[in-house]
Structures are given as C-alpha cells and as structure tokens.
Amino acid sequence: MGKVKYKRVAVIGPNAGELHLGGYSSKPGRGASIFKGIKDKLGSGARSVYAEGCKITEGSPEWDADKVVLGDAALNAKRIAEAVAWRRRRTS
C-alpha cells in the first residue's frame with residue numbers, strides 16, 4: 001500500500017462498528033463493518049479507534065426484531081463525550 005498518510009484515525013458513529021446490510025433477504029453470511037474496512041486499509045501504519053458517539057436504538061441489534069427502543073438521551077450524552085475525548089488524545 002505504500003506509506004500511510006495518517007497516523008491516527010477515529011471512526012465515530014453508531015453504524016460504523018457493526019456490519020449493517022439491508023433486511024431484504026435472510027441474515028447476511030459475510031461482510032465487514034466500516035471500522036474494520038478502514039482499519040484493514042490503514043494496516044499497522046496508523047492507529048485507528050472507534051467510538052459509537054450515540055445509539056440510534058437501544059438493546060441488541062437483532063436482525064429481524066420488531067421492537068424498537070430509541071436511544072437513551074443521557075447515555076448518548078456520555079457516548080458523545082467519549083467520542084469527543086478521542087480528538088483530545090495525543091497518543092499514537
């Protein structure tokens with residue numbers, strides 16, 4: 001891949017840490033999350049970290065679940081603070 005341009009990369013967002021594919025057929029048999037794809041592309045030349053930032057819904061992400069519980073505002077505030085803290089860290 002050549003020389004890595006970035007030393008640190010923070011991937012932040014509720015959909016970046018887990019694999020999300022459409023629900024138009026059965027459960028997916030393979031794939032990669034956005035974070036894993038970025039981490040794999042960067043390789044060992046850069047430090048990559050993930051923070052959820054917030055949750056769109058609470059609970060376990062069951063592929064075919066009908067019950068939806070919106071993200072808890074107080075917990076989301078803590079999750080966002082954690083994501084912001086990554087920007088302030090200076091370790092590589």
# chains A, B, ... in the order shown; residues from 1 in each chain; ligands from 1
>>> residues_around(residues="stretch 36-40 of chain A", least_positions_apart="6", cutoff="12 Å", atoms="only C-alpha atoms", output="CSV table (one decimal) with all heavy atoms, in the first residue's frame")
chain,number,residue,atom,x,y,z
A,1,MET,N,0.8,-1.2,0.0
A,1,MET,CA,0.0,0.0,0.0
A,1,MET,C,0.9,1.3,0.0
A,1,MET,O,0.4,2.3,-0.4
A,1,MET,CB,-0.9,0.0,1.2
A,1,MET,CG,-1.8,1.2,1.3
A,1,MET,SD,-3.0,1.0,2.7
A,1,MET,CE,-2.8,2.6,3.4
A,4,VAL,N,1.8,5.2,4.8
A,4,VAL,CA,0.5,5.6,5.3
A,4,VAL,C,0.5,7.1,5.6
A,4,VAL,O,1.4,7.6,6.3
A,4,VAL,CB,0.1,4.9,6.6
A,4,VAL,CG1,-1.1,5.4,7.2
A,4,VAL,CG2,0.0,3.4,6.3
A,6,TYR,N,-1.8,8.9,7.3
A,6,TYR,CA,-2.4,9.3,8.5
A,6,TYR,C,-1.8,8.5,9.7
A,6,TYR,O,-1.5,7.3,9.5
A,6,TYR,CB,-3.9,9.0,8.5
A,6,TYR,CG,-4.6,9.8,7.4
A,6,TYR,CD1,-4.9,9.1,6.2
A,6,TYR,CD2,-4.9,11.1,7.5
A,6,TYR,CE1,-5.5,9.8,5.2
A,6,TYR,CE2,-5.5,11.8,6.5
A,6,TYR,CZ,-5.8,11.2,5.3
A,6,TYR,OH,-6.4,11.9,4.3
A,7,LYS,N,-1.6,9.1,10.8
A,7,LYS,CA,-1.0,8.4,12.0
A,7,LYS,C,-2.1,7.9,12.9
A,7,LYS,O,-2.0,6.9,13.6
A,7,LYS,CB,-0.1,9.4,12.8
A,7,LYS,CG,1.1,9.8,11.9
A,7,LYS,CD,2.0,8.7,11.6
A,7,LYS,CE,3.2,9.2,10.9
A,7,LYS,NZ,3.9,8.3,10.1
A,8,ARG,N,-3.2,8.7,13.0
A,8,ARG,CA,-4.3,8.4,13.9
A,8,ARG,C,-5.6,8.6,13.1
A,8,ARG,O,-5.8,9.7,12.4
A,8,ARG,CB,-4.4,9.2,15.1
A,8,ARG,CG,-3.2,9.0,16.0
A,8,ARG,CD,-3.4,9.9,17.3
A,8,ARG,NE,-3.8,11.3,17.0
A,8,ARG,CZ,-4.5,12.0,17.8
A,8,ARG,NH1,-4.8,11.6,19.0
A,8,ARG,NH2,-4.8,13.3,17.5
A,9,VAL,N,-6.6,7.7,13.2
A,9,VAL,CA,-7.9,7.9,12.6
A,9,VAL,C,-8.9,7.4,13.6
A,9,VAL,O,-8.8,6.3,14.2
A,9,VAL,CB,-8.0,7.0,11.3
A,9,VAL,CG1,-9.4,7.1,10.7
A,9,VAL,CG2,-7.0,7.4,10.3
A,10,ALA,N,-9.9,8.3,13.8
A,10,ALA,CA,-11.0,8.0,14.7
A,10,ALA,C,-12.2,7.8,13.8
A,10,ALA,O,-12.6,8.7,13.1
A,10,ALA,CB,-11.2,9.1,15.7
A,11,VAL,N,-12.9,6.7,14.0
A,11,VAL,CA,-14.1,6.4,13.3
A,11,VAL,C,-15.2,6.5,14.3
A,11,VAL,O,-15.2,5.8,15.3
A,11,VAL,CB,-14.1,5.0,12.6
A,11,VAL,CG1,-15.4,4.7,11.9
A,11,VAL,CG2,-12.9,4.9,11.7
A,12,ILE,N,-16.1,7.4,14.1
A,12,ILE,CA,-17.2,7.7,15.1
A,12,ILE,C,-18.6,7.6,14.4
A,12,ILE,O,-18.8,8.3,13.4
A,12,ILE,CB,-16.9,9.1,15.7
A,12,ILE,CG1,-15.6,9.1,16.4
A,12,ILE,CG2,-18.1,9.4,16.7
A,12,ILE,CD1,-15.1,10.5,16.8
A,15,ASN,N,-23.3,3.5,13.3
A,15,ASN,CA,-23.4,2.4,12.2
A,15,ASN,C,-22.0,2.0,11.8
A,15,ASN,O,-21.9,1.1,10.9
A,15,ASN,CB,-24.2,2.9,11.0
A,15,ASN,CG,-25.7,3.1,11.4
A,15,ASN,OD1,-26.2,2.3,12.1
A,15,ASN,ND2,-26.3,4.1,10.9
A,16,ALA,N,-20.9,2.5,12.3
A,16,ALA,CA,-19.6,2.2,11.8
A,16,ALA,C,-19.0,0.9,12.5
A,16,ALA,O,-18.1,0.3,11.9
A,16,ALA,CB,-18.7,3.3,12.0
A,17,GLY,N,-19.4,0.6,13.7
A,17,GLY,CA,-18.8,-0.5,14.4
A,17,GLY,C,-19.3,-1.9,14.1
A,17,GLY,O,-18.7,-2.9,14.5
A,18,GLU,N,-20.5,-2.0,13.6
A,18,GLU,CA,-21.1,-3.3,13.3
A,18,GLU,C,-21.5,-3.3,11.8
A,18,GLU,O,-21.7,-2.3,11.2
A,18,GLU,CB,-22.3,-3.5,14.1
A,18,GLU,CG,-22.1,-3.5,15.6
A,18,GLU,CD,-23.4,-3.6,16.4
A,18,GLU,OE1,-24.4,-4.0,15.8
A,18,GLU,OE2,-23.3,-3.3,17.6
A,19,LEU,N,-21.6,-4.6,11.3
A,19,LEU,CA,-22.0,-4.8,9.9
A,19,LEU,C,-23.5,-4.5,9.8
A,19,LEU,O,-24.3,-5.0,10.5
A,19,LEU,CB,-21.7,-6.2,9.5
A,19,LEU,CG,-22.2,-6.6,8.1
A,19,LEU,CD1,-21.5,-5.8,7.0
A,19,LEU,CD2,-22.0,-8.1,7.9
A,46,ALA,N,-1.0,3.0,11.1
A,46,ALA,CA,-1.7,4.1,11.7
A,46,ALA,C,-2.6,3.4,12.9
A,46,ALA,O,-2.9,2.3,12.8
A,46,ALA,CB,-2.7,4.7,10.7
A,47,ARG,N,-2.8,4.2,13.9
A,47,ARG,CA,-3.7,3.8,15.0
A,47,ARG,C,-5.1,4.2,14.6
A,47,ARG,O,-5.4,5.4,14.4
A,47,ARG,CB,-3.2,4.5,16.3
A,47,ARG,CG,-4.1,4.1,17.4
A,47,ARG,CD,-3.6,4.6,18.7
A,47,ARG,NE,-4.4,4.1,19.8
A,47,ARG,CZ,-4.9,4.8,20.8
A,47,ARG,NH1,-4.6,6.1,20.8
A,47,ARG,NH2,-5.6,4.3,21.7
A,48,SER,N,-6.0,3.2,14.7
A,48,SER,CA,-7.4,3.5,14.4
A,48,SER,C,-8.2,3.2,15.6
A,48,SER,O,-8.0,2.1,16.3
A,48,SER,CB,-7.9,2.8,13.2
A,48,SER,OG,-7.6,1.4,13.3
A,49,VAL,N,-9.2,4.0,16.0
A,49,VAL,CA,-10.0,3.8,17.1
A,49,VAL,C,-11.5,4.0,16.7
A,49,VAL,O,-11.8,4.7,15.8
A,49,VAL,CB,-9.7,4.8,18.3
A,49,VAL,CG1,-8.3,4.5,18.8
A,49,VAL,CG2,-9.8,6.2,17.9
A,50,TYR,N,-12.3,3.4,17.5
A,50,TYR,CA,-13.8,3.5,17.2
A,50,TYR,C,-14.5,4.0,18.5
A,50,TYR,O,-14.2,3.5,19.6
A,50,TYR,CB,-14.4,2.2,16.8
A,50,TYR,CG,-15.9,2.1,16.8
A,50,TYR,CD1,-16.6,2.8,15.8
A,50,TYR,CD2,-16.6,1.5,17.8
A,50,TYR,CE1,-18.0,2.9,15.8
A,50,TYR,CE2,-18.0,1.5,17.8
A,50,TYR,CZ,-18.6,2.2,16.8
A,50,TYR,OH,-20.0,2.2,16.8
>>> residues_around(residues="A:Gly13", least_positions_apart="4", cutoff="9 Å", atoms="only C-alpha atoms", output="ChimeraX atom specification")
/A:17,50-55,83
>>> atom_distance(atom1="atom CA of A:Arg88", atom2="atom CA of A:Gly43")
22.7 Å
>>> select_by_dssp(residues="stretch 14-88 of chain A", states="strand (DSSP E)", output="MDAnalysis selection string")
chainID A and resid 47:51
>>> atom_distance(atom1="atom CA of A:Gly45", atom2="atom CA of A:Arg30")
26.2 Å
>>> closest_residue(among="A:Gly59, A:Pro14, A:Ala32, A:His20", to="A:Ile80", atoms="only C-alpha atoms")
A:Pro14
